[in-house]
Structure formats: C-alpha cells, structure tokens
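**Student:** What follows is model34.tsv, made up of TSV, C-alpha atoms and all ligand atoms:
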chain	number	residue	atom	x	y	z
A	113	MET	CA	-40.73	-56.88	13.50
A	114	ASN	CA	-41.23	-58.45	10.09
A	115	ILE	CA	-44.70	-58.81	8.62
A	116	LEU	CA	-45.68	-61.18	5.84
A	117	CYS	CA	-49.00	-60.05	4.39
A	118	LEU	CA	-50.94	-62.16	1.91
A	119	LEU	CA	-53.82	-60.57	0.02
A	120	GLY	CA	-56.25	-63.31	-0.97
A	121	SER	CA	-58.75	-61.33	-3.02
A	122	PRO	CA	-58.62	-61.01	-6.80
A	123	ARG	CA	-59.55	-57.33	-6.27
A	124	PRO	CA	-56.29	-55.45	-5.63
A	125	ASP	CA	-58.23	-52.49	-4.19
A	126	GLY	CA	-60.96	-54.54	-2.63
A	127	ASN	CA	-62.24	-54.52	0.91
A	128	SER	CA	-59.93	-57.07	2.54
A	129	ALA	CA	-56.92	-55.39	0.89
A	130	ALA	CA	-58.05	-51.96	2.12
A	131	ILE	CA	-58.29	-53.21	5.71
A	132	ALA	CA	-54.91	-54.94	5.42
A	133	ARG	CA	-53.27	-51.82	4.01
A	134	ARG	CA	-54.63	-49.71	6.89
A	135	PHE	CA	-53.21	-52.26	9.35
A	136	LEU	CA	-49.84	-52.17	7.56
A	137	LYS	CA	-49.75	-48.37	7.43
A	138	THR	CA	-50.06	-48.18	11.21
A	139	ALA	CA	-47.60	-51.04	11.71
A	140	GLU	CA	-44.99	-49.42	9.46
A	141	LYS	CA	-45.33	-46.11	11.33
A	142	LEU	CA	-44.44	-48.09	14.45
A	143	GLY	CA	-41.30	-49.48	12.79
A	144	ALA	CA	-42.49	-52.81	11.38
A	145	LYS	CA	-41.32	-53.95	7.95
A	146	ALA	CA	-43.88	-55.54	5.65
A	147	ARG	CA	-43.64	-57.84	2.67
A	148	VAL	CA	-46.90	-58.02	0.71
A	149	PHE	CA	-47.92	-60.64	-1.85
A	150	GLU	CA	-51.06	-60.45	-3.96
A	151	LEU	CA	-51.82	-64.14	-4.23
A	152	ASN	CA	-53.99	-63.69	-7.30
A	153	ASN	CA	-50.94	-62.54	-9.28
A	154	LEU	CA	-48.98	-65.69	-8.48
A	155	ASN	CA	-49.03	-69.03	-10.27
A	156	TYR	CA	-49.30	-71.93	-7.86
A	157	THR	CA	-51.31	-74.99	-7.02
A	158	GLY	CA	-52.67	-76.42	-3.83
A	159	CYS	CA	-50.82	-79.12	-1.88
A	160	GLN	CA	-50.18	-82.21	-4.02
A	161	ALA	CA	-49.97	-84.58	-1.01
A	162	CYS	CA	-46.71	-85.92	-2.46
A	163	TRP	CA	-45.26	-86.32	1.06
A	164	ALA	CA	-41.85	-85.00	-0.02
A	165	CYS	CA	-41.93	-82.60	2.96
A	166	LYS	CA	-42.52	-85.56	5.28
A	167	THR	CA	-39.84	-87.84	3.85
A	168	ASN	CA	-36.68	-86.42	2.27
A	169	LEU	CA	-37.23	-82.64	2.49
A	170	ASP	CA	-38.03	-80.10	5.19
A	171	ARG	CA	-39.54	-77.75	2.59
A	172	CYS	CA	-42.24	-77.95	-0.06
A	173	ILE	CA	-40.89	-79.62	-3.19
A	174	LEU	CA	-43.08	-77.60	-5.55
A	175	GLU	CA	-41.20	-75.04	-7.65
A	176	ASP	CA	-43.90	-72.46	-8.22
A	177	ASP	CA	-44.57	-68.87	-7.21
A	178	LEU	CA	-45.60	-69.86	-3.70
A	179	LYS	CA	-42.04	-70.97	-2.92
A	180	GLU	CA	-40.95	-67.41	-2.14
A	181	VAL	CA	-44.05	-66.82	-0.03
A	182	LEU	CA	-43.48	-70.00	1.98
A	183	GLU	CA	-39.80	-69.09	2.45
A	184	SER	CA	-40.76	-65.62	3.70
A	185	LEU	CA	-42.75	-67.01	6.59
A	186	TRP	CA	-39.66	-68.49	8.27
A	187	ASP	CA	-38.41	-64.97	9.13
A	188	ALA	CA	-41.76	-63.29	9.69
A	189	ASP	CA	-42.94	-62.34	13.17
A	190	VAL	CA	-46.48	-61.55	12.07
A	191	LEU	CA	-48.52	-63.21	9.33
A	192	VAL	CA	-51.43	-61.18	7.94
A	193	LEU	CA	-53.98	-63.15	5.92
A	194	ALA	CA	-56.59	-60.97	4.23
A	195	THR	CA	-59.44	-62.69	2.44
A	196	PRO	CA	-62.95	-62.12	1.13
A	197	VAL	CA	-65.65	-64.60	2.10
A	198	TYR	CA	-66.37	-66.79	-0.90
A	199	PHE	CA	-69.09	-69.41	-0.55
A	200	GLY	CA	-68.83	-69.26	3.21
A	201	ASP	CA	-65.05	-69.73	3.31
A	202	VAL	CA	-61.77	-68.03	2.45
A	203	SER	CA	-60.99	-67.41	-1.24
A	204	ALA	CA	-59.54	-70.27	-3.29
A	205	GLN	CA	-56.28	-68.35	-3.56
A	206	MET	CA	-56.03	-68.20	0.23
A	207	LYS	CA	-57.15	-71.80	0.75
A	208	ALA	CA	-54.45	-73.09	-1.59
A	209	PHE	CA	-51.82	-71.17	0.41
A	210	ILE	CA	-53.16	-72.54	3.69
A	211	ASP	CA	-53.05	-76.10	2.33
A	212	ARG	CA	-49.44	-75.56	1.29
A	213	THR	CA	-48.51	-74.69	4.90
A	214	PHE	CA	-48.69	-78.46	5.37
A	215	CYS	CA	-44.98	-78.38	4.43
A	216	TYR	CA	-44.12	-76.82	7.78
A	217	PHE	CA	-45.43	-79.79	9.77
A	218	VAL	CA	-42.83	-82.26	11.02
A	219	PRO	CA	-43.24	-85.85	9.75
A	220	ASP	CA	-44.81	-87.06	13.04
A	221	TYR	CA	-46.94	-83.95	13.47
A	222	ALA	CA	-50.00	-85.97	14.47
A	223	LYS	CA	-48.29	-87.22	17.67
A	224	ASN	CA	-45.47	-84.76	18.24
A	225	PRO	CA	-46.42	-81.87	20.59
A	226	ASN	CA	-43.98	-79.70	18.57
A	227	ARG	CA	-45.91	-80.14	15.36
A	228	SER	CA	-44.35	-77.39	13.30
A	229	ARG	CA	-40.92	-76.62	11.91
A	230	LEU	CA	-41.70	-72.92	12.24
A	231	ALA	CA	-40.31	-71.10	15.26
A	232	PRO	CA	-43.06	-70.71	17.87
A	233	GLY	CA	-44.41	-67.34	18.92
A	234	LYS	CA	-45.44	-65.86	15.58
A	235	LYS	CA	-48.61	-63.80	15.53
A	236	LEU	CA	-51.54	-64.22	13.14
A	237	VAL	CA	-53.80	-61.40	11.95
A	238	PHE	CA	-56.79	-62.71	10.03
A	239	ILE	CA	-58.75	-60.15	8.00
A	240	ILE	CA	-62.13	-61.14	6.62
A	241	ALA	CA	-64.38	-59.10	4.30
A	242	GLN	CA	-67.89	-60.51	4.15
A	243	GLY	CA	-70.78	-59.33	2.00
A	244	HIS	CA	-73.55	-60.67	4.20
A	245	PRO	CA	-74.43	-58.26	7.03
A	246	ASP	CA	-75.43	-61.00	9.49
A	247	GLU	CA	-72.41	-61.63	11.74
A	248	THR	CA	-73.69	-65.05	12.72
A	249	ARG	CA	-73.29	-66.23	9.10
A	250	PHE	CA	-69.94	-67.82	8.26
A	251	ALA	CA	-68.77	-66.99	11.78
A	252	GLY	CA	-66.65	-70.15	12.03
A	253	ILE	CA	-64.10	-69.30	9.33
A	254	PHE	CA	-61.56	-67.72	11.68
A	255	SER	CA	-61.72	-70.34	14.41
A	256	ARG	CA	-61.41	-73.17	11.89
A	257	TYR	CA	-58.12	-71.87	10.47
A	258	GLU	CA	-56.88	-70.45	13.78
A	259	TYR	CA	-56.97	-74.03	15.12
A	260	PHE	CA	-54.40	-75.15	12.54
A	261	PHE	CA	-52.22	-72.04	12.83
A	262	LYS	CA	-51.98	-72.81	16.56
A	263	TRP	CA	-50.46	-76.14	15.48
A	264	HIS	CA	-47.88	-74.05	13.65
A	265	GLY	CA	-47.03	-72.27	16.91
A	266	PHE	CA	-48.91	-69.04	16.31
A	267	GLU	CA	-49.57	-67.99	19.88
A	268	ASP	CA	-51.38	-64.68	19.55
A	269	THR	CA	-54.15	-64.46	16.99
A	270	TYR	CA	-56.27	-61.46	16.01
A	271	LEU	CA	-59.42	-61.23	13.93
A	272	ILE	CA	-60.47	-58.15	11.96
A	273	ARG	CA	-63.81	-59.04	10.42
A	274	ALA	CA	-66.13	-56.74	8.50
A	275	CYS	CA	-69.64	-57.89	7.61
A	276	GLY	CA	-72.04	-56.14	5.24
A	277	ILE	CA	-69.34	-54.83	2.93
A	278	TYR	CA	-69.80	-55.80	-0.67
A	279	HIS	CA	-68.40	-53.41	-3.26
A	280	PRO	CA	-64.81	-52.16	-3.47
A	281	GLY	CA	-64.65	-49.00	-1.39
A	282	ASP	CA	-67.18	-50.21	1.20
A	283	ALA	CA	-64.52	-51.06	3.78
A	284	LYS	CA	-62.93	-47.62	3.62
A	285	LYS	CA	-66.29	-46.11	4.58
A	286	ARG	CA	-66.46	-48.26	7.70
A	287	LYS	CA	-64.73	-46.16	10.35
A	288	ASP	CA	-65.20	-48.88	13.01
A	289	ILE	CA	-63.34	-51.44	10.94
A	290	MET	CA	-60.55	-49.11	9.93
A	291	LYS	CA	-60.15	-48.15	13.58
A	292	LEU	CA	-60.02	-51.83	14.53
A	293	ALA	CA	-57.24	-52.33	11.96
A	294	GLU	CA	-55.28	-49.43	13.48
A	295	ASP	CA	-55.98	-50.55	17.06
A	296	THR	CA	-54.85	-54.10	16.27
A	297	ALA	CA	-51.59	-52.81	14.79
A	298	ASN	CA	-51.07	-50.57	17.83
A	299	LYS	CA	-51.67	-53.51	20.16
A	300	ILE	CA	-49.08	-55.65	18.37
A	301	PHE	CA	-46.35	-53.14	17.57
A	302	SER	CA	-46.50	-50.43	20.27
A	401	LIG	C1	-67.40	-65.71	-5.89
A	401	LIG	C2	-67.95	-64.93	-4.75
A	401	LIG	C3	-68.49	-65.59	-3.67
A	401	LIG	C4	-68.98	-64.88	-2.57
A	401	LIG	N1	-69.50	-65.58	-1.52
A	401	LIG	C5	-69.96	-64.90	-0.44
A	401	LIG	C6	-70.49	-65.61	0.67
A	401	LIG	O1	-70.56	-66.83	0.69
A	401	LIG	N2	-70.94	-64.89	1.74
A	401	LIG	C7	-70.88	-63.52	1.76
A	401	LIG	O2	-71.28	-62.92	2.76
A	401	LIG	N3	-70.36	-62.81	0.72
A	401	LIG	C8	-69.90	-63.47	-0.38
A	401	LIG	N4	-69.36	-62.78	-1.42
A	401	LIG	C9	-69.20	-61.29	-1.31
A	401	LIG	C10	-67.80	-60.89	-0.83
A	401	LIG	O3	-67.46	-61.56	0.36
A	401	LIG	C11	-67.74	-59.38	-0.60
A	401	LIG	O4	-67.98	-58.72	-1.82
A	401	LIG	C12	-66.41	-58.92	-0.02
A	401	LIG	O5	-66.50	-57.57	0.38
A	401	LIG	C13	-65.29	-59.08	-1.01
A	401	LIG	O6	-64.07	-58.71	-0.43
A	401	LIG	P1	-62.84	-58.17	-1.35
A	401	LIG	O7	-63.28	-56.82	-1.86
A	401	LIG	O8	-61.69	-58.13	-0.44
A	401	LIG	O9	-62.68	-59.16	-2.47
A	401	LIG	C14	-68.90	-63.46	-2.55
A	401	LIG	C15	-68.36	-62.79	-3.66
A	401	LIG	C16	-67.89	-63.51	-4.75
A	401	LIG	C17	-67.30	-62.76	-5.94
The structure given in the file should be rewritten as structure tokens.

**Tutor:**
Amino acid sequence: MNILCLLGSPRPDGNSAAIARRFLKTAEKLGAKARVFELNNLNYTGCQACWACKTNLDRCILEDDLKEVLESLWDADVLVLATPVYFGDVSAQMKAFIDRTFCYFVPDYAKNPNRSRLAPGKKLVFIIAQGHPDETRFAGIFSRYEYFFKWHGFEDTYLIRACGIYHPGDAKKRKDIMKLAEDTANKIFS
C-alpha cells in the first residue's frame, strides 16, 4: 500500500513528526511504501477560489510546490496528516493544504453523492500534537476535518492525538502515544 504523509509542523523533529515517523516505521516494516513531504519546506498558497477546477480543469490550476503533493494523493491508499495544534486548530501549513483539496471535488459536489474525483476507499490517519494537557480542549479538530475527508471518500479514519506535549522530544517520551502509532499501523497494514 502507498502512503502519502504530510508533516504540517515547522519543526522537522517536532512531536507530530516523531509520531508520524513511528507510524511510518511500523508501516514500512509491514511492506507499505511512504512518500513524505515537509509542508513547511514547500512554497504554496491556499486555495484561490478561482474555480478553474470546477470549470475547465479536473486538477488545481496553481503551479506551485503543492502540485506534486496533490498529484501524489491520486495513487495513495493512506493519507497521513501530522499537525501541531496552533491556536486551537491545525497549523497554517496544514490548513492551506486542506483548502487546496477543494480541487478534488466534482463541479456539482454540493448535490452529487459522489462528491470527489478521488477513488473511494482511501484511509486517513490524523496525527495531532497538542501542548495543552486537557483533552477536552480543542477536541473538535479531528471531527471537523474528518467530515470533509469523508466527502472525499475516505472510509476508514484514525486519530492519533497526544495532549500535554510541548517541547520537541516530548512525544518520544510518551510510550502510550508511540504504542498507539504502532498499533494503528499494525491495524491498517497487517
Ligand atoms: C504558534 C503556536 C500556537 C500554539 N497554539 C496552541 C494551542 O492553541 N493549544 C495548545 O494546546 N498548544 C498550542 N501550541 C503548542 C503546540 O501545539 C505544541 O508545542 C506541540 O507539541 C507542537 O507540535 P510539533 O512539535 O509537532 O510542532 C502552540 C504552539 C505554537 C508555536
């Protein structure tokens, strides 16, 4: 199975990246192939609402670094989105990617039950690193984005969320979270 993994933190060795890399390590041992992009190293904008993808194109018209990322998702079986919590939401880098997934929607996506151009049945793994230890804070991030990825035909969705981790290195000390990353990979790829 092919994995597309997007790291949404500006910290290459930060907490969300550490959890994602543990997930990928287990997945690769089980035969999966992963493509990883550090979003912070790419130059791209958010969706420009130009409607090119709803009129004369079935792709995003923007020629920036996200083009390759968006192309990679067509062939991916599993999408891994790893993000820190910033101001109660995903990072700006991750949000801009999510907005650009608008290009996958068919022109009549609001009424069409087959809303997405993507093949159905992909799996989503959402990894969240949150500084605040209270799990009830910012608890709606996953469900808010999961709702839209369901529109894109992602049938199985998995959340790996760590709260109370703040500094780089904190996630690696959390055995429960690292185990959850391994267990999630085992569940998907075994
Ligand atoms: C700009 C900024 C905004 C943040 N906002 C929040 C927040 O709203 N809630 C929270 O719990 N932690 C917040 N944090 C802390 C991060 O979520 C925390 O450090 C996390 O472990 C970072 O993950 P990373 O190492 O993958 O970047 C913020 C950190 C930064 C730099």

**Student:** Kindly indicate which residue among A:Lys145, A:Arg123, A:Lys137, A:Lys166 lies nearest to Met290 (chain A), using all atoms listed in the file for the distances.

**Tutor:**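 Going through A:Lys145, A:Arg123, A:Lys137, A:Lys166 one by one, the smallest distance to Met290 (chain A) is for A:Lys137.
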
**Student:** Measure the distance from CA of Ala293 (chain A) to CA of Arg212 (chain A) in Å and round it to one decimal.

**Tutor:** 26.7 Å

**Student:** At a cut-off of 12 Å around the point (-69.6, -70.6, 0.2) (file coordinates), what residues fall inside when counting all atoms listed in the file? I'd like the answer as a VMD selection string.

**Tutor:** chain A and resid 196 to 204 242 to 244 249 to 250 253

**Student:** Take the residues from that selection and put them in a file with C-alpha atoms, as an mmCIF file, in the coordinates of the input.

**Tutor:**
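Result went into again30.cif, see below:
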data_model
loop_
_atom_site.group_PDB
_atom_site.id
_atom_site.type_symbol
_atom_site.label_atom_id
_atom_site.label_comp_id
_atom_site.auth_asym_id
_atom_site.auth_seq_id
_atom_site.Cartn_x
_atom_site.Cartn_y
_atom_site.Cartn_z
ATOM 1 C CA PRO A 196 -62.950 -62.120 1.130
ATOM 2 C CA VAL A 197 -65.650 -64.600 2.100
ATOM 3 C CA TYR A 198 -66.370 -66.790 -0.900
ATOM 4 C CA PHE A 199 -69.090 -69.410 -0.550
ATOM 5 C CA GLY A 200 -68.830 -69.260 3.210
ATOM 6 C CA ASP A 201 -65.050 -69.730 3.310
ATOM 7 C CA VAL A 202 -61.770 -68.030 2.450
ATOM 8 C CA SER A 203 -60.990 -67.410 -1.240
ATOM 9 C CA ALA A 204 -59.540 -70.270 -3.290
ATOM 10 C CA GLN A 242 -67.890 -60.510 4.150
ATOM 11 C CA GLY A 243 -70.780 -59.330 2.000
ATOM 12 C CA HIS A 244 -73.550 -60.670 4.200
ATOM 13 C CA ARG A 249 -73.290 -66.230 9.100
ATOM 14 C CA PHE A 250 -69.940 -67.820 8.260
ATOM 15 C CA ILE A 253 -64.100 -69.300 9.330
#

**Student:** Excluding same-chain residues fewer than 6 positions from region 149-154 of chain A, what lies within 10 Å of it counting only C-alpha atoms, as a list of chain:residue names?

**Tutor:** A:Leu116, A:Cys117, A:Leu118, A:Leu119, A:Gly120, A:Ser121, A:Pro122, A:Arg123, A:Pro124, A:Ala129, A:Asp176, A:Asp177, A:Leu178, A:Glu180, A:Val181, A:Ala194, A:Ser203, A:Ala204, A:Gln205, A:Met206, A:Ala208, A:Phe209

**Student:** If you keep C-alpha atoms, can you produce a file of those selected residues as a tab-separated table (two decimals), keeping the file's coordinate frame?

**Tutor:**
chain	number	residue	atom	x	y	z
A	116	LEU	CA	-45.68	-61.18	5.84
A	117	CYS	CA	-49.00	-60.05	4.39
A	118	LEU	CA	-50.94	-62.16	1.91
A	119	LEU	CA	-53.82	-60.57	0.02
A	120	GLY	CA	-56.25	-63.31	-0.97
A	121	SER	CA	-58.75	-61.33	-3.02
A	122	PRO	CA	-58.62	-61.01	-6.80
A	123	ARG	CA	-59.55	-57.33	-6.27
A	124	PRO	CA	-56.29	-55.45	-5.63
A	129	ALA	CA	-56.92	-55.39	0.89
A	176	ASP	CA	-43.90	-72.46	-8.22
A	177	ASP	CA	-44.57	-68.87	-7.21
A	178	LEU	CA	-45.60	-69.86	-3.70
A	180	GLU	CA	-40.95	-67.41	-2.14
A	181	VAL	CA	-44.05	-66.82	-0.03
A	194	ALA	CA	-56.59	-60.97	4.23
A	203	SER	CA	-60.99	-67.41	-1.24
A	204	ALA	CA	-59.54	-70.27	-3.29
A	205	GLN	CA	-56.28	-68.35	-3.56
A	206	MET	CA	-56.03	-68.20	0.23
A	208	ALA	CA	-54.45	-73.09	-1.59
A	209	PHE	CA	-51.82	-71.17	0.41

**Student:** Set the distance at 12 Å and use all atoms listed in the file: which residues neighbour region 294-300 of chain A once local chain neighbours fewer than 2 positions away are removed? I'd like the list as JSON, numbers by chain.

**Tutor:** {"A": [113, 114, 115, 130, 131, 132, 133, 134, 135, 136, 137, 138, 139, 140, 141, 142, 143, 144, 189, 190, 191, 192, 234, 235, 236, 237, 238, 239, 268, 269, 270, 271, 272, 273, 287, 288, 289, 290, 291, 292, 302]}

**Student:** Adding 5 Å on each side of the box along x, y and z that holds all listed atoms of region 273-289 of chain A, could you give its centre and edge lengths in Å to one decimal, as lines of an AutoDock Vina configuration file?

**Tutor:**
center_x = -67.5
center_y = -52.6
center_z = 4.8
size_x = 19.1
size_y = 22.9
size_z = 26.5

**Student:** To one decimal place, how far is CA of Leu230 (chain A) from CA of Trp186 (chain A) in Å?

**Tutor:** 6.3 Å

**Student:** State, in Å with one decimal place, the distance from CA of Ser184 (chain A) to CA of Ile210 (chain A).

**Tutor:**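 CA of Ser184 (chain A) sits 14.2 Å away from CA of Ile210 (chain A).
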
**Student:** Under the rule that all atoms listed in the file are counted, which of A:Tyr156, A:Tyr278, A:Phe254, A:Phe301 is the nearest residue to ligand LIG 401 (chain A)?

**Tutor:** A:Tyr278

**Student:** May I ask which of the residues A:Gly265, A:Gly252, A:Pro280, A:Pro225 is the closest one to ligand LIG 401 (chain A), counting only C-alpha atoms and all ligand atoms?

**Tutor:**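 Selected residue with least distance to ligand LIG 401 (chain A): A:Pro280.
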
**Student:** Would you list the residues near (-51.2, -75.1, 11.3), meaning any protein, DNA or RNA residue with an atom at most 10 Å from that point in file coordinates, counting all atoms listed in the file, as a VMD selection string?

**Tutor:** chain A and resid 210 to 211 213 to 217 227 to 228 230 257 to 266

**Student:** Could you check which of A:Ala231, A:Leu193, A:Ala188, A:Ala222 is closest to ligand LIG 401 (chain A), using only C-alpha atoms and all ligand atoms?

**Tutor:** A:Leu193

**Student:** Could you check which of A:Arg229, A:Arg171, A:Lys223, A:His279 is closest to ligand LIG 401 (chain A), using all atoms listed in the file?

**Tutor:** A:His279

**Student:** Rank nothing, just name the residue among A:Lys284, A:Arg256, A:Arg147, A:Lys179 nearest to ligand LIG 401 (chain A), using only C-alpha atoms and all ligand atoms.

**Tutor:** A:Lys284
